[in-house]
$ cat model-v3.txt   # compact mmCIF, N, CA and C atoms
# COMPACT_ATOMS: atom_id res chain seq x y z
N MET P 13 2.36 4.88 4.21
CA MET P 13 3.24 4.13 3.33
C MET P 13 3.86 2.98 4.14
N LEU P 14 3.96 1.84 3.49
CA LEU P 14 4.50 0.63 4.11
C LEU P 14 5.64 0.11 3.23
N THR P 15 6.76 -0.25 3.84
CA THR P 15 7.91 -0.75 3.10
C THR P 15 8.06 -2.24 3.34
N VAL P 16 8.31 -2.99 2.25
CA VAL P 16 8.51 -4.43 2.33
C VAL P 16 9.95 -4.72 1.91
N ASP P 17 10.75 -5.26 2.84
CA ASP P 17 12.15 -5.59 2.60
C ASP P 17 12.21 -6.99 1.98
N CYS P 18 12.76 -7.07 0.76
CA CYS P 18 12.79 -8.33 0.00
C CYS P 18 14.22 -8.86 -0.19
N LYS P 19 15.15 -8.46 0.66
CA LYS P 19 16.54 -8.84 0.46
C LYS P 19 16.73 -10.35 0.35
N ASP P 20 16.00 -11.12 1.13
CA ASP P 20 16.15 -12.58 1.11
C ASP P 20 15.35 -13.27 0.00
N VAL P 21 14.49 -12.52 -0.69
CA VAL P 21 13.68 -13.09 -1.78
C VAL P 21 13.76 -12.20 -3.02
N ILE P 22 14.92 -11.65 -3.26
CA ILE P 22 15.10 -10.65 -4.32
C ILE P 22 14.73 -11.18 -5.70
N SER P 23 14.92 -12.47 -5.95
CA SER P 23 14.63 -13.02 -7.28
C SER P 23 13.14 -13.07 -7.59
N ILE P 24 12.29 -13.00 -6.58
CA ILE P 24 10.84 -13.01 -6.81
C ILE P 24 10.19 -11.68 -6.43
N LYS P 25 11.01 -10.65 -6.22
CA LYS P 25 10.50 -9.35 -5.76
C LYS P 25 9.43 -8.79 -6.68
N ASN P 26 9.66 -8.83 -7.99
CA ASN P 26 8.71 -8.24 -8.93
C ASN P 26 7.37 -8.97 -8.92
N GLU P 27 7.41 -10.29 -8.90
CA GLU P 27 6.17 -11.07 -8.85
C GLU P 27 5.43 -10.82 -7.54
N LEU P 28 6.19 -10.78 -6.45
CA LEU P 28 5.61 -10.54 -5.13
C LEU P 28 4.97 -9.16 -5.06
N LEU P 29 5.64 -8.17 -5.60
CA LEU P 29 5.14 -6.81 -5.62
C LEU P 29 3.78 -6.73 -6.31
N VAL P 30 3.67 -7.34 -7.47
CA VAL P 30 2.42 -7.31 -8.23
C VAL P 30 1.31 -8.00 -7.45
N TYR P 31 1.60 -9.15 -6.88
CA TYR P 31 0.59 -9.91 -6.15
C TYR P 31 0.10 -9.14 -4.92
N VAL P 32 1.04 -8.66 -4.11
CA VAL P 32 0.67 -7.98 -2.87
C VAL P 32 -0.07 -6.67 -3.16
N ALA P 33 0.43 -5.88 -4.10
CA ALA P 33 -0.22 -4.61 -4.43
C ALA P 33 -1.65 -4.85 -4.91
N ASP P 34 -1.86 -5.92 -5.68
CA ASP P 34 -3.19 -6.25 -6.17
C ASP P 34 -4.10 -6.67 -5.02
N GLN P 35 -3.58 -7.45 -4.08
CA GLN P 35 -4.38 -7.94 -2.97
C GLN P 35 -4.81 -6.83 -2.01
N VAL P 36 -3.96 -5.84 -1.80
CA VAL P 36 -4.28 -4.80 -0.83
C VAL P 36 -4.72 -3.49 -1.48
N ALA P 37 -4.81 -3.48 -2.81
CA ALA P 37 -5.22 -2.29 -3.57
C ALA P 37 -4.37 -1.08 -3.20
N ALA P 38 -3.06 -1.24 -3.38
CA ALA P 38 -2.11 -0.18 -3.05
C ALA P 38 -1.26 0.16 -4.27
N ILE P 39 -0.63 1.31 -4.22
CA ILE P 39 0.26 1.75 -5.29
C ILE P 39 1.67 1.31 -4.93
N PRO P 40 2.29 0.46 -5.77
CA PRO P 40 3.64 -0.02 -5.45
C PRO P 40 4.72 0.88 -6.05
N THR P 41 5.86 0.92 -5.37
CA THR P 41 7.03 1.61 -5.88
C THR P 41 8.24 0.72 -5.62
N LEU P 42 8.98 0.40 -6.69
CA LEU P 42 10.15 -0.47 -6.57
C LEU P 42 11.36 0.31 -6.08
N LYS P 43 12.14 -0.34 -5.25
CA LYS P 43 13.44 0.17 -4.81
C LYS P 43 14.43 -0.97 -4.96
N ASN P 44 15.68 -0.77 -4.56
CA ASN P 44 16.71 -1.78 -4.77
C ASN P 44 16.35 -3.16 -4.22
N ASN P 45 16.28 -3.29 -2.92
CA ASN P 45 15.99 -4.58 -2.29
C ASN P 45 14.63 -4.58 -1.59
N GLN P 46 13.79 -3.64 -1.95
CA GLN P 46 12.50 -3.53 -1.29
C GLN P 46 11.50 -2.84 -2.19
N PHE P 47 10.26 -2.82 -1.75
CA PHE P 47 9.25 -2.02 -2.43
C PHE P 47 8.36 -1.37 -1.39
N THR P 48 7.74 -0.27 -1.78
CA THR P 48 6.84 0.41 -0.87
C THR P 48 5.42 0.34 -1.41
N LEU P 49 4.47 0.39 -0.51
CA LEU P 49 3.06 0.39 -0.85
C LEU P 49 2.43 1.64 -0.26
N SER P 50 1.70 2.36 -1.06
CA SER P 50 1.01 3.55 -0.56
C SER P 50 -0.42 3.56 -1.09
N THR P 51 -1.26 4.35 -0.44
CA THR P 51 -2.67 4.41 -0.82
C THR P 51 -2.90 5.61 -1.74
N LEU P 52 -4.03 5.60 -2.41
CA LEU P 52 -4.41 6.72 -3.26
C LEU P 52 -4.74 7.95 -2.42
N ASP P 53 -5.36 7.72 -1.29
CA ASP P 53 -5.75 8.79 -0.40
C ASP P 53 -4.78 8.83 0.78
N ASP P 54 -4.19 9.99 1.04
CA ASP P 54 -3.20 10.11 2.11
C ASP P 54 -3.79 9.85 3.49
N ASP P 55 -5.10 9.95 3.63
CA ASP P 55 -5.73 9.74 4.93
C ASP P 55 -5.91 8.25 5.25
N GLU P 56 -5.85 7.42 4.24
CA GLU P 56 -6.03 5.98 4.45
C GLU P 56 -4.73 5.35 4.93
N ILE P 57 -4.87 4.24 5.63
CA ILE P 57 -3.71 3.49 6.14
C ILE P 57 -3.76 2.09 5.56
N ILE P 58 -2.61 1.60 5.12
CA ILE P 58 -2.54 0.23 4.59
C ILE P 58 -2.57 -0.75 5.75
N ASP P 59 -3.42 -1.75 5.64
CA ASP P 59 -3.55 -2.77 6.67
C ASP P 59 -2.35 -3.70 6.63
N THR P 60 -1.48 -3.59 7.63
CA THR P 60 -0.27 -4.40 7.69
C THR P 60 -0.58 -5.89 7.74
N ASN P 61 -1.62 -6.26 8.46
CA ASN P 61 -2.00 -7.67 8.55
C ASN P 61 -2.41 -8.23 7.19
N LEU P 62 -3.08 -7.41 6.38
CA LEU P 62 -3.47 -7.83 5.05
C LEU P 62 -2.24 -8.01 4.15
N VAL P 63 -1.27 -7.14 4.29
CA VAL P 63 -0.02 -7.26 3.53
C VAL P 63 0.72 -8.53 3.91
N ILE P 64 0.84 -8.78 5.21
CA ILE P 64 1.52 -9.99 5.69
C ILE P 64 0.81 -11.23 5.19
N SER P 65 -0.50 -11.22 5.25
CA SER P 65 -1.29 -12.36 4.77
C SER P 65 -1.07 -12.60 3.27
N ALA P 66 -1.03 -11.51 2.49
CA ALA P 66 -0.81 -11.64 1.04
C ALA P 66 0.59 -12.18 0.74
N ILE P 67 1.59 -11.73 1.50
CA ILE P 67 2.96 -12.23 1.30
C ILE P 67 3.02 -13.72 1.61
N LYS P 68 2.41 -14.12 2.73
CA LYS P 68 2.41 -15.54 3.10
C LYS P 68 1.66 -16.38 2.06
N GLU P 69 0.55 -15.88 1.54
CA GLU P 69 -0.18 -16.59 0.49
C GLU P 69 0.69 -16.79 -0.74
N PHE P 70 1.40 -15.74 -1.13
CA PHE P 70 2.27 -15.84 -2.30
C PHE P 70 3.38 -16.86 -2.07
N LEU P 71 4.03 -16.79 -0.92
CA LEU P 71 5.11 -17.74 -0.61
C LEU P 71 4.58 -19.18 -0.57
N ASP P 72 3.38 -19.37 -0.02
CA ASP P 72 2.77 -20.70 -0.01
C ASP P 72 2.45 -21.18 -1.42
N SER P 73 2.05 -20.25 -2.28
CA SER P 73 1.69 -20.64 -3.65
C SER P 73 2.89 -21.14 -4.45
N ILE P 74 4.09 -20.71 -4.07
CA ILE P 74 5.30 -21.21 -4.76
C ILE P 74 6.03 -22.23 -3.89
N ASP P 75 5.33 -22.74 -2.89
CA ASP P 75 5.83 -23.79 -2.00
C ASP P 75 7.09 -23.37 -1.24
N GLU P 76 7.12 -22.13 -0.78
CA GLU P 76 8.25 -21.60 -0.02
C GLU P 76 7.82 -21.04 1.33
N GLY P 77 6.56 -21.18 1.68
CA GLY P 77 6.04 -20.58 2.90
C GLY P 77 6.71 -21.05 4.17
N ARG P 78 7.12 -22.29 4.21
CA ARG P 78 7.75 -22.82 5.43
C ARG P 78 9.21 -22.42 5.57
N ASN P 79 9.80 -21.86 4.52
CA ASN P 79 11.21 -21.48 4.55
C ASN P 79 11.45 -20.01 4.90
N PHE P 80 10.37 -19.22 4.98
CA PHE P 80 10.53 -17.79 5.21
C PHE P 80 9.56 -17.29 6.28
N ALA P 81 10.04 -16.34 7.08
CA ALA P 81 9.21 -15.69 8.10
C ALA P 81 8.92 -14.26 7.63
N VAL P 82 7.74 -13.78 7.96
CA VAL P 82 7.36 -12.41 7.62
C VAL P 82 7.22 -11.65 8.94
N ILE P 83 8.10 -10.66 9.13
CA ILE P 83 8.19 -9.94 10.40
C ILE P 83 7.84 -8.48 10.16
N THR P 84 7.10 -7.89 11.08
CA THR P 84 6.72 -6.49 10.95
C THR P 84 7.26 -5.67 12.12
N ASN P 85 7.64 -4.43 11.82
CA ASN P 85 8.09 -3.49 12.83
C ASN P 85 7.72 -2.09 12.35
N ASN P 86 6.73 -1.50 12.98
CA ASN P 86 6.21 -0.18 12.58
C ASN P 86 5.74 -0.23 11.12
N ASN P 87 6.34 0.56 10.24
CA ASN P 87 5.94 0.61 8.84
C ASN P 87 6.88 -0.18 7.94
N MET P 88 7.53 -1.20 8.49
CA MET P 88 8.46 -2.04 7.74
C MET P 88 8.05 -3.50 7.90
N VAL P 89 7.94 -4.19 6.76
CA VAL P 89 7.68 -5.63 6.76
C VAL P 89 8.91 -6.28 6.16
N LYS P 90 9.48 -7.26 6.85
CA LYS P 90 10.69 -7.92 6.38
C LYS P 90 10.42 -9.40 6.15
N ILE P 91 10.87 -9.88 4.99
CA ILE P 91 10.77 -11.30 4.67
C ILE P 91 12.15 -11.89 4.92
N THR P 92 12.24 -12.81 5.88
CA THR P 92 13.52 -13.36 6.32
C THR P 92 13.56 -14.86 6.10
N SER P 93 14.68 -15.32 5.59
CA SER P 93 14.88 -16.75 5.41
C SER P 93 15.12 -17.39 6.77
N ILE P 94 14.39 -18.46 7.06
CA ILE P 94 14.53 -19.15 8.34
C ILE P 94 15.78 -20.03 8.35
N SER P 95 16.02 -20.70 7.24
CA SER P 95 17.12 -21.67 7.17
C SER P 95 18.29 -21.21 6.30
N GLY P 96 18.28 -19.97 5.87
CA GLY P 96 19.34 -19.49 4.98
C GLY P 96 19.09 -19.81 3.52
N ARG P 97 17.93 -20.35 3.22
CA ARG P 97 17.57 -20.72 1.85
C ARG P 97 17.38 -19.48 0.99
N ILE P 98 17.81 -19.58 -0.26
CA ILE P 98 17.66 -18.49 -1.22
C ILE P 98 16.80 -19.00 -2.38
N ILE P 99 15.82 -18.21 -2.77
CA ILE P 99 14.98 -18.58 -3.90
C ILE P 99 15.70 -18.16 -5.17
N GLU P 100 15.90 -19.10 -6.06
CA GLU P 100 16.56 -18.81 -7.33
C GLU P 100 15.58 -19.04 -8.46
N ARG P 101 15.53 -18.10 -9.36
CA ARG P 101 14.68 -18.19 -10.54
C ARG P 101 15.55 -18.05 -11.77
N ASN P 102 15.26 -18.83 -12.77
CA ASN P 102 15.98 -18.71 -14.04
C ASN P 102 15.19 -17.79 -14.94
N ASN P 103 15.65 -16.57 -15.06
CA ASN P 103 15.00 -15.59 -15.93
C ASN P 103 15.85 -15.39 -17.16
N SER P 104 15.26 -15.57 -18.32
CA SER P 104 16.00 -15.37 -19.56
C SER P 104 16.12 -13.88 -19.89
N THR P 105 15.24 -13.07 -19.30
CA THR P 105 15.30 -11.63 -19.52
C THR P 105 15.75 -10.97 -18.23
N PRO P 106 16.41 -9.84 -18.34
CA PRO P 106 16.85 -9.16 -17.13
C PRO P 106 15.65 -8.70 -16.30
N SER P 107 15.78 -8.81 -14.99
CA SER P 107 14.66 -8.46 -14.12
C SER P 107 14.74 -7.03 -13.61
N GLU P 108 15.66 -6.26 -14.13
CA GLU P 108 15.80 -4.87 -13.71
C GLU P 108 14.56 -4.09 -14.09
N MET P 109 13.98 -3.44 -13.12
CA MET P 109 12.79 -2.63 -13.35
C MET P 109 13.07 -1.22 -12.84
N PHE P 110 12.48 -0.25 -13.50
CA PHE P 110 12.64 1.14 -13.11
C PHE P 110 11.29 1.68 -12.68
N SER P 111 11.29 2.45 -11.60
CA SER P 111 10.04 2.92 -11.01
C SER P 111 10.08 4.43 -10.80
N CYS P 112 8.97 5.08 -11.11
CA CYS P 112 8.82 6.51 -10.91
C CYS P 112 8.66 6.80 -9.42
N THR P 113 9.46 7.71 -8.91
CA THR P 113 9.40 8.05 -7.49
C THR P 113 8.19 8.90 -7.16
N HIS P 114 7.54 9.47 -8.16
CA HIS P 114 6.39 10.34 -7.93
C HIS P 114 5.07 9.57 -7.90
N CYS P 115 4.90 8.60 -8.81
CA CYS P 115 3.59 7.97 -8.91
C CYS P 115 3.63 6.44 -8.92
N GLY P 116 4.81 5.84 -8.95
CA GLY P 116 4.90 4.38 -8.93
C GLY P 116 4.86 3.72 -10.29
N PHE P 117 4.83 4.48 -11.38
CA PHE P 117 4.88 3.92 -12.73
C PHE P 117 6.09 3.00 -12.84
N VAL P 118 5.91 1.80 -13.41
CA VAL P 118 6.99 0.82 -13.50
C VAL P 118 7.22 0.44 -14.96
N THR P 119 8.50 0.34 -15.34
CA THR P 119 8.87 -0.06 -16.69
C THR P 119 10.20 -0.80 -16.66
N ARG P 120 10.46 -1.55 -17.70
CA ARG P 120 11.75 -2.24 -17.83
C ARG P 120 12.81 -1.36 -18.48
N TYR P 121 12.39 -0.25 -19.06
CA TYR P 121 13.30 0.55 -19.87
C TYR P 121 13.57 1.90 -19.21
N GLU P 122 14.84 2.17 -18.99
CA GLU P 122 15.24 3.41 -18.33
C GLU P 122 14.85 4.63 -19.15
N ILE P 123 14.97 4.55 -20.46
CA ILE P 123 14.62 5.68 -21.32
C ILE P 123 13.12 5.98 -21.24
N GLU P 124 12.31 4.94 -21.12
CA GLU P 124 10.87 5.14 -20.97
C GLU P 124 10.55 5.82 -19.64
N LEU P 125 11.27 5.43 -18.59
CA LEU P 125 11.09 6.08 -17.29
C LEU P 125 11.49 7.55 -17.37
N ASN P 126 12.61 7.84 -18.01
CA ASN P 126 13.06 9.23 -18.13
C ASN P 126 12.03 10.08 -18.86
N THR P 127 11.46 9.53 -19.92
CA THR P 127 10.41 10.25 -20.66
C THR P 127 9.19 10.45 -19.78
N HIS P 128 8.81 9.41 -19.06
CA HIS P 128 7.66 9.49 -18.16
C HIS P 128 7.88 10.56 -17.07
N MET P 129 9.08 10.60 -16.49
CA MET P 129 9.37 11.52 -15.40
C MET P 129 9.18 12.98 -15.83
N LYS P 130 9.39 13.25 -17.11
CA LYS P 130 9.26 14.63 -17.60
C LYS P 130 7.84 15.15 -17.47
N ILE P 131 6.84 14.28 -17.49
CA ILE P 131 5.45 14.76 -17.37
C ILE P 131 5.18 15.35 -15.99
N HIS P 132 5.95 14.95 -15.00
CA HIS P 132 5.75 15.48 -13.66
C HIS P 132 6.28 16.90 -13.51
N TYR P 133 7.08 17.35 -14.47
CA TYR P 133 7.70 18.66 -14.36
C TYR P 133 7.22 19.64 -15.43
N LEU P 134 6.10 19.32 -16.09
CA LEU P 134 5.55 20.22 -17.11
C LEU P 134 4.92 21.44 -16.48
$ encode --input "model-v3.txt" --output "structure tokens"
Amino acid sequence: MLTVDCKDVISIKNELLVYVADQVAAIPTLKNNQFTLSTLDDDEIIDTNLVISAIKEFLDSIDEGRNFAVITNNNMVKITSISGRIIERNNSTPSEMFSCTHCGFVTRYEIELNTHMKIHYL
């Protein structure tokens, strides 16, 4: 499992999560200021270099690559603002997302997550 700290890019965390998880074929799980990536098979290891490359590609695609550094330490990847710049997005809908801690299922609705969580305890 690999954790990506998004504290400095929190407004684009959801978009970044989808892009990176798709690029590295990993299962994402949302947390407050970060997300985790895990593999389907516990024996496999997520390629940290591939994750870093995907993050940099995403930041370059929104023309923010030169403003942020991507730093790795063990199983943690941190996206840090170089100049103190903050990415701001105007979202008309709330960006709050809820994620299943068991399988990574993601939804915008807490009630839907609660219903989903019950299947793990049948």
$ residues_around --input "model-v3.txt" --residues "segment 67-83 of chain P" --least-positions-apart "6" --cutoff "6 Å" --atoms "all atoms listed in the file" --output "PyMOL selection string"
chain P and resi 32+89-95
$ atom_distance --input "model-v3.txt" --atom1 "atom CA of Thr51 of chain P" --atom2 "atom CA of Asp17 of chain P"
18.2 Å
$ atom_distance --input "model-v3.txt" --atom1 "atom C of Cys115 of chain P" --atom2 "atom N of Thr60 of chain P"
20.0 Å
$ select_by_dssp --input "model-v3.txt" --residues "segment 78-127 of chain P" --states "helix (DSSP H, G or I)" --output "list in words"
Arg78, Asn79, Glu122, Ile123, Glu124, Leu125, Asn126 and Thr127 of chain P
$ atom_distance --input "model-v3.txt" --atom1 "atom CA of Val118 of chain P" --atom2 "atom N of Leu42 of chain P"
7.1 Å
$ closest_residue --input "model-v3.txt" --among "P:Tyr31, P:Ser111, P:Leu49, P:Thr41" --to "Thr15 of chain P" --atoms "all atoms listed in the file"
P:Leu49
$ residues_around --input "model-v3.txt" --residues "Lys43 of chain P" --least-positions-apart "5" --cutoff "8 Å" --atoms "all atoms listed in the file" --output "list in words"
Thr48, Met109, Phe110 and Ser111 of chain P
$ write_last_selection --input "model-v3.txt" --atoms "N, CA and C atoms" --output "compact mmCIF listing (two decimals), keeping the file's coordinate frame"
# COMPACT_ATOMS: atom_id res chain seq x y z
N THR P 48 7.74 -0.27 -1.78
CA THR P 48 6.84 0.41 -0.87
C THR P 48 5.42 0.34 -1.41
N MET P 109 13.98 -3.44 -13.12
CA MET P 109 12.79 -2.63 -13.35
C MET P 109 13.07 -1.22 -12.84
N PHE P 110 12.48 -0.25 -13.50
CA PHE P 110 12.64 1.14 -13.11
C PHE P 110 11.29 1.68 -12.68
N SER P 111 11.29 2.45 -11.60
CA SER P 111 10.04 2.92 -11.01
C SER P 111 10.08 4.43 -10.80
$ closest_residue --input "model-v3.txt" --among "P:Ile57, P:Val63, P:Leu134, P:Cys18" --to "Asn45 of chain P" --atoms "only C-alpha atoms"
P:Cys18
$ closest_residue --input "model-v3.txt" --among "P:Ser50, P:Asn86, P:Asn26, P:Pro40" --to "Arg120 of chain P" --atoms "only C-alpha atoms"
P:Asn26
$ closest_residue --input "model-v3.txt" --among "P:Phe117, P:Thr84, P:Ala37, P:Ile24" --to "Leu52 of chain P" --atoms "all atoms listed in the file"
P:Ala37
$ closest_residue --input "model-v3.txt" --among "P:Tyr121, P:Asn61, P:Asn85, P:His128" --to "Val36 of chain P" --atoms "only C-alpha atoms"
P:Asn61
$ closest_residue --input "model-v3.txt" --among "P:Ala66, P:Ile58, P:Glu108, P:Gln46" --to "Glu122 of chain P" --atoms "only N, CA and C atoms"
P:Glu108
$ select_by_dssp --input "model-v3.txt" --residues "chain P" --states "strand (DSSP E)" --output "list in words"
Leu14, Thr15, Val16, Asp17, Ile39, Pro40, Thr41, Leu42, Gln46, Phe47, Thr48, Leu49, Ser50, Phe80, Ala81, Val82, Ile83, Thr84, Asn85, Met88, Val89, Lys90, Ile91, Thr92, Ser93, Phe110, Ser111, Val118 and Thr119 of chain P
